[in-house]
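*Asks:* Below is run_28.txt; it holds compact mmCIF, C-alpha atoms and all ligand atoms.
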```txt
# COMPACT_ATOMS: atom_id res chain seq x y z
CA MET A 1 -50.90 36.53 59.31
CA ALA A 2 -54.19 38.47 59.19
CA SER A 3 -56.27 37.85 56.06
CA ASP A 4 -55.82 41.49 54.95
CA THR A 5 -52.03 40.94 54.89
CA LEU A 6 -52.11 37.70 52.88
CA PRO A 7 -49.84 37.58 49.80
CA PRO A 8 -51.62 38.77 46.63
CA ASP A 9 -51.21 35.31 45.01
CA ALA A 10 -53.39 33.64 47.71
CA PHE A 11 -56.62 31.93 46.57
CA ALA A 12 -59.75 32.60 48.62
CA PHE A 13 -61.25 29.17 48.97
CA SER A 14 -63.64 27.14 51.09
CA ALA A 15 -62.68 23.50 51.72
CA SER A 16 -66.39 22.58 51.91
CA SER A 17 -66.68 23.27 48.14
CA CYS A 18 -64.24 20.37 47.65
CA SER A 19 -65.79 17.78 49.99
CA PHE A 20 -66.62 15.72 46.85
CA LEU A 21 -62.86 15.00 46.56
CA ARG A 22 -62.66 13.20 49.92
CA PRO A 23 -63.32 9.62 48.63
CA TYR A 24 -60.54 10.10 46.07
CA LEU A 25 -57.84 11.13 48.55
CA ARG A 26 -55.54 8.95 50.65
CA ASN A 27 -57.10 7.45 53.72
CA LYS A 28 -54.63 8.80 56.28
CA SER A 29 -54.80 5.64 58.43
CA SER A 30 -53.62 3.40 55.57
CA ASN A 31 -49.94 2.65 55.05
CA PRO A 32 -49.60 1.14 51.58
CA GLN A 33 -46.42 -0.33 50.12
CA ARG A 34 -46.05 2.65 47.75
CA PRO A 35 -47.20 6.29 48.03
CA PHE A 36 -50.85 6.93 47.16
CA LEU A 37 -50.79 8.39 43.64
CA THR A 38 -53.27 10.96 42.32
CA LEU A 39 -52.97 11.98 38.67
CA ALA A 40 -54.51 15.46 38.33
CA TYR A 41 -54.46 17.77 35.33
CA ALA A 42 -56.60 20.22 33.35
CA SER A 43 -57.72 19.34 29.83
CA SER A 44 -59.63 20.86 26.93
CA LEU A 45 -62.64 19.13 25.31
CA ASP A 46 -60.23 17.73 22.70
CA SER A 47 -58.01 16.18 25.42
CA ALA A 48 -55.23 18.77 25.10
CA ILE A 49 -53.40 20.09 28.16
CA SER A 50 -51.42 22.74 26.30
CA LEU A 51 -51.33 24.48 22.89
CA THR A 52 -47.70 23.39 22.37
CA PRO A 53 -45.17 21.61 24.62
CA GLY A 54 -43.16 24.80 25.20
CA ILE A 55 -45.88 27.06 26.59
CA HIS A 56 -48.17 27.33 29.58
CA THR A 57 -51.83 27.31 28.55
CA TYR A 58 -54.53 28.53 30.95
CA LEU A 59 -57.42 26.07 31.00
CA SER A 60 -58.78 26.03 34.56
CA SER A 61 -61.42 28.48 35.76
CA PRO A 62 -60.46 30.43 38.92
CA GLN A 63 -62.60 27.99 40.96
CA SER A 64 -60.94 24.84 39.57
CA GLU A 65 -57.47 26.39 39.84
CA ALA A 66 -58.17 26.98 43.54
CA MET A 67 -59.36 23.36 43.78
CA THR A 68 -56.05 22.20 42.23
CA HIS A 69 -54.16 24.19 44.85
CA TYR A 70 -56.31 22.63 47.59
CA LEU A 71 -55.51 19.19 46.09
CA ARG A 72 -51.79 20.04 46.25
CA SER A 73 -52.20 20.79 49.96
CA GLN A 74 -53.67 17.31 50.46
CA HIS A 75 -50.57 15.56 49.09
CA ASP A 76 -47.02 15.23 50.41
CA ALA A 77 -45.47 15.82 46.96
CA VAL A 78 -46.35 17.37 43.58
CA VAL A 79 -44.59 15.81 40.57
CA VAL A 80 -43.93 17.19 37.07
CA GLY A 81 -41.66 16.13 34.21
CA ALA A 82 -38.68 18.08 32.88
CA GLY A 83 -40.74 19.40 29.93
CA THR A 84 -43.16 21.15 32.29
CA ALA A 85 -40.42 22.54 34.53
CA ILE A 86 -38.73 24.04 31.44
CA ALA A 87 -41.92 25.33 29.79
CA ASP A 88 -43.79 26.66 32.81
CA ASP A 89 -41.27 27.52 35.53
CA PRO A 90 -43.99 26.39 37.97
CA GLY A 91 -44.24 27.29 41.68
CA LEU A 92 -45.62 23.85 42.63
CA ASN A 93 -46.79 25.07 46.04
CA SER A 94 -50.29 25.42 47.47
CA ARG A 95 -51.48 28.99 47.32
CA VAL A 96 -54.76 28.35 49.12
CA ARG A 97 -55.55 30.68 52.02
CA GLY A 98 -54.69 28.95 55.30
CA MET A 99 -51.66 27.00 54.02
CA GLY A 100 -48.11 27.76 55.21
CA GLY A 101 -46.99 31.12 53.78
CA TYR A 102 -50.65 32.01 53.07
CA GLY A 103 -51.88 32.50 56.63
CA GLY A 104 -51.01 29.01 57.96
CA ALA A 105 -48.20 28.10 60.34
CA GLY A 106 -44.73 27.27 58.98
CA LEU A 107 -45.02 25.20 55.81
CA GLU A 108 -48.20 23.43 56.87
CA GLY A 109 -50.06 22.06 53.81
CA GLN A 110 -47.12 22.71 51.48
CA PRO A 111 -46.21 19.69 49.30
CA ARG A 112 -42.65 18.81 48.31
CA PRO A 113 -42.09 19.82 44.63
CA VAL A 114 -40.59 16.98 42.56
CA VAL A 115 -39.17 17.25 39.01
CA LEU A 116 -38.33 14.13 36.94
CA ASP A 117 -35.38 15.07 34.75
CA PRO A 118 -33.47 11.93 33.57
CA LYS A 119 -31.02 13.88 31.41
CA GLY A 120 -30.64 17.02 33.53
CA ARG A 121 -32.28 19.20 30.86
CA TRP A 122 -33.82 21.69 33.29
CA GLU A 123 -31.16 24.31 34.00
CA TRP A 124 -32.60 26.16 37.00
CA ASP A 125 -31.05 29.19 38.66
CA SER A 126 -31.96 31.22 41.73
CA ASN A 127 -34.81 32.90 39.81
CA ALA A 128 -36.69 29.58 39.39
CA ARG A 129 -40.14 29.99 40.94
CA VAL A 130 -39.85 26.84 43.08
CA LEU A 131 -36.73 28.32 44.68
CA ARG A 132 -38.30 31.77 45.06
CA MET A 133 -41.22 30.10 46.88
CA VAL A 134 -38.72 28.56 49.35
CA ARG A 135 -37.02 31.92 49.99
CA GLU A 136 -40.43 33.56 50.52
CA ARG A 137 -41.34 30.72 52.98
CA LYS A 138 -44.22 29.66 50.74
CA GLY A 139 -42.89 26.28 49.63
CA ARG A 140 -40.57 23.38 50.43
CA GLY A 141 -37.20 22.59 48.89
CA PRO A 142 -37.62 20.58 45.67
CA LEU A 143 -36.46 17.03 45.01
CA ILE A 144 -34.99 16.71 41.52
CA PHE A 145 -34.64 13.21 40.05
CA TRP A 146 -31.68 12.85 37.70
CA GLY A 147 -30.46 9.77 35.87
CA GLU A 148 -27.38 7.96 37.14
CA TRP A 149 -24.94 9.23 34.55
CA GLY A 150 -22.29 7.00 36.05
CA GLU A 151 -18.57 6.86 36.51
CA GLY A 152 -16.97 6.81 33.06
CA GLY A 153 -20.43 6.79 31.40
CA ASP A 154 -20.99 10.50 32.06
CA TRP A 155 -21.98 12.05 28.71
CA ARG A 156 -21.91 15.63 30.06
CA SER A 157 -19.32 18.16 28.93
CA LYS A 158 -16.95 19.46 31.63
CA GLU A 159 -18.79 22.80 31.44
CA LYS A 160 -22.19 21.12 31.94
CA GLN A 161 -20.80 19.12 34.89
CA ARG A 162 -19.55 22.35 36.48
CA ARG A 163 -22.93 24.06 36.01
CA ASP A 164 -24.75 21.02 37.40
CA GLU A 165 -22.55 21.01 40.51
CA GLU A 166 -23.33 24.70 41.05
CA ARG A 167 -27.05 23.99 40.59
CA GLU A 168 -26.91 21.11 43.06
CA ARG A 169 -25.32 23.43 45.67
CA LEU A 170 -28.02 26.06 45.04
CA LEU A 171 -30.71 23.40 45.46
CA LYS A 172 -29.20 22.16 48.74
CA ASN A 173 -29.08 25.74 50.05
CA HIS A 174 -32.84 25.86 49.46
CA GLY A 175 -33.50 22.63 51.39
CA GLY A 176 -33.81 20.53 48.24
CA LYS A 177 -31.79 17.64 46.91
CA ILE A 178 -30.90 15.61 43.85
CA ILE A 179 -31.92 11.94 43.80
CA ARG A 180 -30.16 9.80 41.19
CA LEU A 181 -32.03 6.91 39.64
CA PRO A 182 -30.80 4.17 37.31
CA LEU A 183 -32.08 4.63 33.75
CA VAL A 184 -33.56 1.67 31.90
CA ASP A 185 -33.42 2.30 28.12
CA GLY A 186 -32.82 5.96 28.98
CA LYS A 187 -35.97 6.16 31.15
CA MET A 188 -36.80 6.28 34.84
CA ARG A 189 -39.04 3.46 36.10
CA TRP A 190 -42.18 4.57 37.94
CA VAL A 191 -41.68 1.93 40.65
CA ASP A 192 -38.19 3.34 41.32
CA ILE A 193 -39.53 6.90 41.48
CA LEU A 194 -42.28 5.90 43.92
CA ASP A 195 -39.96 3.76 46.07
CA HIS A 196 -37.50 6.66 46.41
CA LEU A 197 -40.31 9.07 47.29
CA LYS A 198 -41.47 6.63 49.96
CA ALA A 199 -37.93 6.52 51.35
CA GLU A 200 -38.17 10.33 51.68
CA GLY A 201 -41.21 9.87 53.92
CA ILE A 202 -43.70 10.81 51.20
CA LYS A 203 -47.00 8.98 51.55
CA SER A 204 -49.06 10.68 48.85
CA VAL A 205 -48.08 12.04 45.46
CA MET A 206 -49.98 14.29 43.04
CA VAL A 207 -48.64 13.95 39.49
CA GLU A 208 -49.64 17.00 37.40
CA GLY A 209 -47.99 16.46 34.05
CA GLY A 210 -47.09 17.17 31.43
CA GLY A 211 -48.24 15.16 28.46
CA THR A 212 -45.35 12.71 28.26
CA VAL A 213 -45.51 11.94 31.98
CA ILE A 214 -49.31 11.60 31.99
CA ASN A 215 -49.38 9.31 28.93
CA SER A 216 -46.61 7.16 30.43
CA LEU A 217 -48.53 6.74 33.70
CA LEU A 218 -51.87 6.06 31.99
CA ALA A 219 -50.35 3.35 29.75
CA ALA A 220 -51.68 -0.12 30.60
CA GLU A 221 -48.41 -1.26 32.21
CA HIS A 222 -48.42 1.61 34.76
CA ALA A 223 -52.07 2.56 35.25
CA HIS A 224 -52.37 0.19 38.27
CA LEU A 225 -49.98 2.55 40.12
CA ILE A 226 -52.57 5.36 39.91
CA ASN A 227 -55.05 5.41 42.79
CA SER A 228 -57.15 8.39 41.69
CA LEU A 229 -57.56 10.39 38.52
CA ILE A 230 -58.87 13.96 38.82
CA VAL A 231 -59.32 15.82 35.53
CA THR A 232 -60.53 19.40 35.21
CA ILE A 233 -62.26 19.68 31.85
CA ALA A 234 -62.55 23.22 30.49
CA PRO A 235 -65.20 24.19 27.90
CA THR A 236 -62.65 24.92 25.20
CA LEU A 237 -61.08 23.21 22.18
CA LEU A 238 -57.35 23.78 21.61
CA GLY A 239 -57.14 22.19 18.15
CA GLN A 240 -54.58 19.88 16.57
CA GLY A 241 -50.88 20.08 17.39
CA GLY A 242 -51.26 20.52 21.12
CA VAL A 243 -49.99 18.35 23.97
CA VAL A 244 -52.64 15.63 24.10
CA VAL A 245 -53.54 13.06 26.74
CA CYS A 246 -53.95 9.80 24.86
CA PRO A 247 -51.98 6.80 26.19
CA LYS A 248 -50.51 4.04 24.05
CA ARG A 249 -53.12 1.69 22.55
CA ARG A 250 -53.69 -1.70 24.19
CA THR A 251 -54.47 -4.88 22.30
CA ASP A 252 -55.65 -8.37 23.29
CA ASP A 253 -53.82 -11.65 22.54
CA GLN A 254 -55.20 -11.59 18.98
CA GLY A 255 -53.99 -8.04 18.40
CA ASN A 256 -57.47 -6.50 18.58
CA PRO A 257 -57.70 -3.04 20.19
CA ILE A 258 -59.15 -2.98 23.72
CA PRO A 259 -59.63 -0.09 26.16
CA VAL A 260 -56.54 0.91 28.13
CA THR A 261 -58.42 1.33 31.39
CA ARG A 262 -61.73 2.50 32.88
CA LEU A 263 -62.35 4.48 36.04
CA ARG A 264 -64.32 3.13 38.99
CA ASP A 265 -66.68 5.27 41.10
CA ALA A 266 -66.62 8.10 38.54
CA LYS A 267 -68.10 11.41 39.67
CA TRP A 268 -68.59 14.60 37.62
CA GLN A 269 -68.59 17.80 39.62
CA PRO A 270 -69.30 21.23 38.09
CA MET A 271 -66.65 23.78 39.16
CA GLY A 272 -67.12 27.32 37.83
CA GLU A 273 -67.41 26.92 34.03
CA ASP A 274 -65.47 23.62 34.17
CA VAL A 275 -66.38 20.13 35.22
CA VAL A 276 -64.10 18.03 37.43
CA LEU A 277 -64.05 14.29 36.76
CA CYS A 278 -62.90 12.11 39.66
CA GLY A 279 -62.41 8.37 39.48
CA LYS A 280 -60.44 5.49 40.95
CA LEU A 281 -57.98 3.23 39.14
CA GLY A 282 -55.55 1.00 41.14
CA GLU A 283 -56.04 -0.17 44.74
N1 LIG B 1 -52.99 21.45 31.77
C1 LIG B 1 -52.28 20.85 32.71
O1 LIG B 1 -52.83 20.41 33.73
C2 LIG B 1 -50.81 20.68 32.57
C3 LIG B 1 -50.18 21.08 31.41
N2 LIG B 1 -48.83 20.88 31.29
C4 LIG B 1 -48.20 21.25 30.03
O2 LIG B 1 -47.55 20.12 29.46
C5 LIG B 1 -46.51 20.59 28.59
C6 LIG B 1 -45.25 19.79 28.84
O3 LIG B 1 -45.46 18.44 28.52
P1 LIG B 1 -44.27 17.56 27.95
O4 LIG B 1 -43.48 18.37 26.99
O5 LIG B 1 -44.83 16.28 27.48
O6 LIG B 1 -43.30 17.38 29.20
P2 LIG B 1 -43.41 16.57 30.59
O7 LIG B 1 -43.56 17.57 31.68
O8 LIG B 1 -44.35 15.44 30.50
O9 LIG B 1 -41.92 16.05 30.71
C7 LIG B 1 -41.53 14.96 29.93
C8 LIG B 1 -40.13 14.54 30.26
O10 LIG B 1 -40.04 14.09 31.61
C9 LIG B 1 -38.99 13.15 31.69
N3 LIG B 1 -39.44 11.94 32.41
C10 LIG B 1 -38.87 11.45 33.54
N4 LIG B 1 -39.44 10.34 33.94
C11 LIG B 1 -40.42 10.08 33.09
C12 LIG B 1 -41.35 9.02 33.01
N5 LIG B 1 -41.38 8.02 33.89
N6 LIG B 1 -42.21 9.04 31.99
C13 LIG B 1 -42.19 10.04 31.09
N7 LIG B 1 -41.32 11.08 31.12
C14 LIG B 1 -40.43 11.09 32.12
C15 LIG B 1 -38.53 12.85 30.27
O11 LIG B 1 -37.37 13.65 30.06
P3 LIG B 1 -36.25 13.26 28.94
O12 LIG B 1 -36.93 13.34 27.62
O13 LIG B 1 -35.21 14.29 29.13
O14 LIG B 1 -35.81 11.87 29.26
C16 LIG B 1 -39.69 13.35 29.44
O15 LIG B 1 -39.35 13.74 28.15
C17 LIG B 1 -46.30 22.06 28.91
O16 LIG B 1 -46.83 22.85 27.86
C18 LIG B 1 -47.10 22.27 30.18
O17 LIG B 1 -47.63 23.57 30.27
C19 LIG B 1 -48.08 20.35 32.29
C20 LIG B 1 -48.68 19.95 33.45
C21 LIG B 1 -50.09 20.05 33.68
N1 LIG B 2 -54.86 22.76 37.06
C1 LIG B 2 -54.22 23.35 36.03
N2 LIG B 2 -54.90 24.12 35.17
C2 LIG B 2 -54.29 24.71 34.15
O1 LIG B 2 -55.00 25.46 33.32
C3 LIG B 2 -52.91 24.51 33.96
N3 LIG B 2 -52.29 25.11 32.90
C4 LIG B 2 -52.22 23.72 34.89
N4 LIG B 2 -50.91 23.52 34.77
C5 LIG B 2 -50.11 22.97 35.83
O2 LIG B 2 -49.89 23.91 36.86
C6 LIG B 2 -48.51 24.25 36.90
C7 LIG B 2 -48.33 25.69 37.23
O3 LIG B 2 -48.26 25.70 38.62
P1 LIG B 2 -48.01 27.01 39.46
O4 LIG B 2 -49.27 27.80 39.41
O5 LIG B 2 -46.88 27.76 38.83
O6 LIG B 2 -47.68 26.52 40.83
C8 LIG B 2 -47.99 23.89 35.55
O7 LIG B 2 -46.61 23.68 35.55
C9 LIG B 2 -48.74 22.61 35.32
O8 LIG B 2 -48.23 21.56 36.09
N5 LIG B 2 -52.90 23.14 35.92
```
For the file at hand, write its structure as C-alpha cells.

*Replies:*
Amino acid sequence: MASDTLPPDAFAFSASSCSFLRPYLRNKSSNPQRPFLTLAYASSLDSAISLTPGIHTYLSSPQSEAMTHYLRSQHDAVVVGAGTAIADDPGLNSRVRGMGGYGGAGLEGQPRPVVLDPKGRWEWDSNARVLRMVRERKGRGPLIFWGEWGEGGDWRSKEKQRRDEERERLLKNHGGKIIRLPLVDGKMRWVDILDHLKAEGIKSVMVEGGGTVINSLLAAEHAHLINSLIVTIAPTLLGQGGVVVCPKRRTDDQGNPIPVTRLRDAKWQPMGEDVVLCGKLGE
C-alpha cells in the first residue's frame, strides 16, 4: 500500500523517536515461564486515567498516542478489562504506519486484543470496533476471557445464554475465541490469565487498563508479574471523582504503611507536551 493510500487513521511515526523504550521491552531471545508483561497507560498529574469510569478521556498528546500504538506493535497481545471494553469500544490494534493494514504485510505488528470479562458484561455485536478492525484487515480476532459459569451453576437467564451463544459464534467468525477461566471469589487470577495466554503462543502482553485492572496488577501481591511499567503523564489535572491509579496500601508486620513497590532503572522521556515514565518491576 503506497503511503498516499494509507487509511486516514494511520499515525505517521518514526521508530527512532522511541528507541528509549528498547530496554523496557521483551528480549526476543528469552523464553520466560510466563509472558513478558508491560503495564502501559496514560495518566493526569493527579493520577487519573479517566474523568469517570463510563467515558473515554483523551490524555495523550498525538506524539505519545503514536508511541502507545508503536508499543502495541511490539507486543503479542493488548489486554483491557470489561469496564474499558464497555466504556471505550476500543480498536486495540496498532495504527502505526508500516503495521499490517497500515502499509505493512498481512497482520504484521498487529497484537491480539484480549478482554477480561469474568461475568460476560460486555455485550458486543458486529459493530464493535475490534471486530470492525478484523473485517478491515487491520487487526486480529480478539480473545475474550469469561468466567467458568459451570454446569448447574450458570446464573445467566435463558435469554442471556442465547445472546452469549450468538456472540460467541460472531467472535469465532472473526477469528477470535472465548477462553473460560475458573473464578476464585468471583475473580480471575492473573497467573491463570497469563498461563492461558502463554498456551495461545503469546510471549508478550501489554495491559492498558482500566483503573480496576491496573490497581489489581499494581497491588503488592501481583506487582512481581509486571516486567515494565510505561506511563504517559499528561500536563492536566482531572479532579476528584475520576478513575484513579492508586493500588491497595501495603503494611509491614506491625501494621505500619510501607510503599507498595518502586521502579528500577526509571527513565523520564519528554514526548510532545507529555512525559513518558519507563521503569522495571519484576524479573
Ligand atoms: N488513560 C488510559 O490509559 C486508560 C483509561 N481507561 C479508562 O478506564 C476506565 C475503565 O476502568 P474500570 O471501570 O476500572 O474498568 P476496567 O477496564 O479496569 O475493567 C474492570 C473489570 O475487569 C474485570 N476483570 C477481570 N479480571 C480482572 C482482574 N484480574 N483484576 C481486575 N479486574 C478484572 C472485572 O469485571 P467484573 O466486575 O465484571 O468482575 C472488573 O470489574 C474507562 O473510563 C477507560 O476509558 C482504560 C484504559 C487505559
Ligand atoms: N495511551 C492512551 N492515552 C489516552 O489518552 C487514553 N485515553 C488511552 N486509552 C486506552 O486506549 C484505548 C483506546 O484504544 P483505541 O484507540 O480505540 O485502539 C482505550 O480503551 C484505553 O485502553 N490510552

*Asks:* Residues within 12 Å of (-51.5, 4.6, 35.1), file coordinates, counting all atoms listed in the file: what are they? Give the list as a ChimeraX atom specification.

*Replies:* /A:37-40,190-191,207,213-229,246-248,260-263,280-283

*Asks:* Give me the residues near Tyr58 (chain A) as an MDAnalysis selection string, where near means some atom within 10 Å (using all atoms listed in the file) and where sequence neighbours in that chain fewer than 2 positions away do not count.

*Replies:* chainID A and resid 42:43 49:51 55:56 60:61 65 234

*Asks:* Output C-alpha atoms for every residue in that selection, as an mmCIF file, keeping the file's coordinate frame.

*Replies:*
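And here is the file that came out, part03.cif:
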```cif
data_model
loop_
_atom_site.group_PDB
_atom_site.id
_atom_site.type_symbol
_atom_site.label_atom_id
_atom_site.label_comp_id
_atom_site.auth_asym_id
_atom_site.auth_seq_id
_atom_site.Cartn_x
_atom_site.Cartn_y
_atom_site.Cartn_z
ATOM 1 C CA ALA A 42 -56.600 20.220 33.350
ATOM 2 C CA SER A 43 -57.720 19.340 29.830
ATOM 3 C CA ILE A 49 -53.400 20.090 28.160
ATOM 4 C CA SER A 50 -51.420 22.740 26.300
ATOM 5 C CA LEU A 51 -51.330 24.480 22.890
ATOM 6 C CA ILE A 55 -45.880 27.060 26.590
ATOM 7 C CA HIS A 56 -48.170 27.330 29.580
ATOM 8 C CA SER A 60 -58.780 26.030 34.560
ATOM 9 C CA SER A 61 -61.420 28.480 35.760
ATOM 10 C CA GLU A 65 -57.470 26.390 39.840
ATOM 11 C CA ALA A 234 -62.550 23.220 30.490
#
```

*Asks:* Taking a cut-off of 9 Å and counting all atoms listed in the file, can you build a table that, for each residue of chain A near ligand LIG 2 (chain B), reports the nearest atom pair and how far apart they are in Å (one decimal), sorted by chain then residue number, as a tab-separated table?

*Replies:*
```
residue	atom	partner	partner_atom	distance
A:Ala40	CA	B:LIG2	N1	7.4
A:Tyr41	CA	B:LIG2	N1	5.3
A:Ala42	CA	B:LIG2	N2	4.6
A:Ser43	CA	B:LIG2	O1	7.6
A:Ile49	CA	B:LIG2	N3	7.0
A:Ser50	CA	B:LIG2	N3	7.1
A:His56	CA	B:LIG2	N3	5.7
A:Thr57	CA	B:LIG2	N3	4.9
A:Tyr58	CA	B:LIG2	O1	3.9
A:Leu59	CA	B:LIG2	O1	3.4
A:Ser60	CA	B:LIG2	O1	4.0
A:Ser61	CA	B:LIG2	O1	7.5
A:Ser64	CA	B:LIG2	N1	6.9
A:Glu65	CA	B:LIG2	N1	5.3
A:Ala66	CA	B:LIG2	N1	8.4
A:Met67	CA	B:LIG2	N1	8.1
A:Thr68	CA	B:LIG2	N1	5.3
A:His69	CA	B:LIG2	N1	8.0
A:Val78	CA	B:LIG2	O8	8.8
A:Val79	CA	B:LIG2	O8	8.1
A:Val80	CA	B:LIG2	O8	6.2
A:Gly81	CA	B:LIG2	O8	8.7
A:Thr84	CA	B:LIG2	O7	5.4
A:Ala85	CA	B:LIG2	O7	6.4
A:Ile86	CA	B:LIG2	O7	8.9
A:Ala87	CA	B:LIG2	O7	7.6
A:Asp88	CA	B:LIG2	O7	4.9
A:Asp89	CA	B:LIG2	O5	6.5
A:Pro90	CA	B:LIG2	O5	3.3
A:Gly91	CA	B:LIG2	O6	3.6
A:Leu92	CA	B:LIG2	O6	3.8
A:Asn93	CA	B:LIG2	O6	5.5
A:Ser94	CA	B:LIG2	O6	7.2
A:Arg95	CA	B:LIG2	O6	7.9
A:Arg129	CA	B:LIG2	O5	7.4
A:Val130	CA	B:LIG2	O6	8.2
A:Val207	CA	B:LIG2	O8	8.3
A:Glu208	CA	B:LIG2	O8	4.9
A:Gly209	CA	B:LIG2	O8	5.5
A:Gly210	CA	B:LIG2	O8	6.5
A:Val231	CA	B:LIG2	N1	8.4
A:Thr232	CA	B:LIG2	N1	6.8
A:Ala234	CA	B:LIG2	O1	8.4
```

*Asks:* Considering only C-alpha atoms, return as a PyMOL selection string whatever protein or nucleic-acid residues lie within 8 Å of Ile202 (chain A), sequence-local ones (same chain, fewer than 2 positions apart) excluded.

*Replies:* chain A and resi 35+76-77+197-200+204-205

*Asks:* Can you tell me which residues surround region 99-109 of chain A at a distance of at most 12 Å, considering all atoms listed in the file, apart from same-chain residues fewer than 3 positions away, and format the answer as number ranges by chain?

*Replies:* A: 1-13, 15, 69-78, 93-96, 112, 133-141

*Asks:* Can you pull out the residues contacting Ala266 (chain A)? Cut-off 9 Å, using all atoms listed in the file, and skip same-chain residues under 6 positions away; I want them as an MDAnalysis selection string.

*Replies:* chainID A and resid 277:280

*Asks:* Atom O5 of ligand LIG 1 (chain B) and CA of Gly83 (chain A) are how many Å apart?

*Replies:*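 Those two atoms sit 5.7 Å apart.
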
*Asks:* With distances taken over only C-alpha atoms, which residue among A:Asp154, A:Asp252, A:Asp117, A:Asp164 lies nearest Ile179 (chain A)?

*Replies:*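 Closest to Ile179 (chain A) of all the choices is A:Asp117.
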
*Asks:* List as a list in words the protein and nucleic acid residues near Val184 (chain A), meaning an atom at most 12 Å away when all atoms listed in the file are counted, but skip any in the same chain fewer than 5 places from it.

*Replies:* Pro118, Gly147, Glu148, Trp149, Arg189, Trp190, Val191 and Asp192 of chain A

*Asks:* Output requested as an mmCIF file, in the coordinates of the input - region 231-248 of chain A, filled out with N, CA and C atoms.

*Replies:*
```cif
data_model
loop_
_atom_site.group_PDB
_atom_site.id
_atom_site.type_symbol
_atom_site.label_atom_id
_atom_site.label_comp_id
_atom_site.auth_asym_id
_atom_site.auth_seq_id
_atom_site.Cartn_x
_atom_site.Cartn_y
_atom_site.Cartn_z
ATOM 1 N N VAL A 231 -59.549 15.030 36.752
ATOM 2 C CA VAL A 231 -59.320 15.820 35.530
ATOM 3 C C VAL A 231 -60.272 17.001 35.512
ATOM 4 N N THR A 232 -59.714 18.193 35.407
ATOM 5 C CA THR A 232 -60.530 19.400 35.210
ATOM 6 C C THR A 232 -60.742 19.549 33.712
ATOM 7 N N ILE A 233 -61.989 19.558 33.283
ATOM 8 C CA ILE A 233 -62.260 19.680 31.850
ATOM 9 C C ILE A 233 -62.852 21.063 31.589
ATOM 10 N N ALA A 234 -62.141 21.832 30.770
ATOM 11 C CA ALA A 234 -62.550 23.220 30.490
ATOM 12 C C ALA A 234 -63.357 23.249 29.197
ATOM 13 N N PRO A 235 -64.347 24.156 29.094
ATOM 14 C CA PRO A 235 -65.200 24.190 27.900
ATOM 15 C C PRO A 235 -64.501 24.900 26.744
ATOM 16 N N THR A 236 -63.413 24.304 26.291
ATOM 17 C CA THR A 236 -62.650 24.920 25.200
ATOM 18 C C THR A 236 -62.016 23.827 24.350
ATOM 19 N N LEU A 237 -61.765 24.139 23.092
ATOM 20 C CA LEU A 237 -61.080 23.210 22.180
ATOM 21 C C LEU A 237 -59.773 23.864 21.769
ATOM 22 N N LEU A 238 -58.652 23.164 21.935
ATOM 23 C CA LEU A 238 -57.350 23.780 21.610
ATOM 24 C C LEU A 238 -56.930 23.504 20.171
ATOM 25 N N GLY A 239 -57.496 22.475 19.553
ATOM 26 C CA GLY A 239 -57.140 22.190 18.150
ATOM 27 C C GLY A 239 -55.921 21.283 18.042
ATOM 28 N N GLN A 240 -55.665 20.838 16.791
ATOM 29 C CA GLN A 240 -54.580 19.880 16.570
ATOM 30 C C GLN A 240 -53.210 20.495 16.860
ATOM 31 N N GLY A 241 -52.263 19.624 17.182
ATOM 32 C CA GLY A 241 -50.880 20.080 17.390
ATOM 33 C C GLY A 241 -50.550 20.396 18.827
ATOM 34 N N GLY A 242 -51.527 20.241 19.716
ATOM 35 C CA GLY A 242 -51.260 20.520 21.120
ATOM 36 C C GLY A 242 -50.658 19.310 21.832
ATOM 37 N N VAL A 243 -50.454 19.464 23.133
ATOM 38 C CA VAL A 243 -49.990 18.350 23.970
ATOM 39 C C VAL A 243 -51.241 17.599 24.415
ATOM 40 N N VAL A 244 -51.372 16.349 23.945
ATOM 41 C CA VAL A 244 -52.640 15.630 24.100
ATOM 42 C C VAL A 244 -52.494 14.456 25.064
ATOM 43 N N VAL A 245 -53.503 14.259 25.892
ATOM 44 C CA VAL A 245 -53.540 13.060 26.740
ATOM 45 C C VAL A 245 -54.211 11.945 25.952
ATOM 46 N N CYS A 246 -53.437 10.945 25.618
ATOM 47 C CA CYS A 246 -53.950 9.800 24.860
ATOM 48 C C CYS A 246 -52.888 8.681 24.976
ATOM 49 N N PRO A 247 -53.035 7.801 25.973
ATOM 50 C CA PRO A 247 -51.980 6.800 26.190
ATOM 51 C C PRO A 247 -51.895 5.782 25.072
ATOM 52 N N LYS A 248 -50.787 5.077 25.061
ATOM 53 C CA LYS A 248 -50.510 4.040 24.050
ATOM 54 C C LYS A 248 -51.666 3.047 23.985
#
```
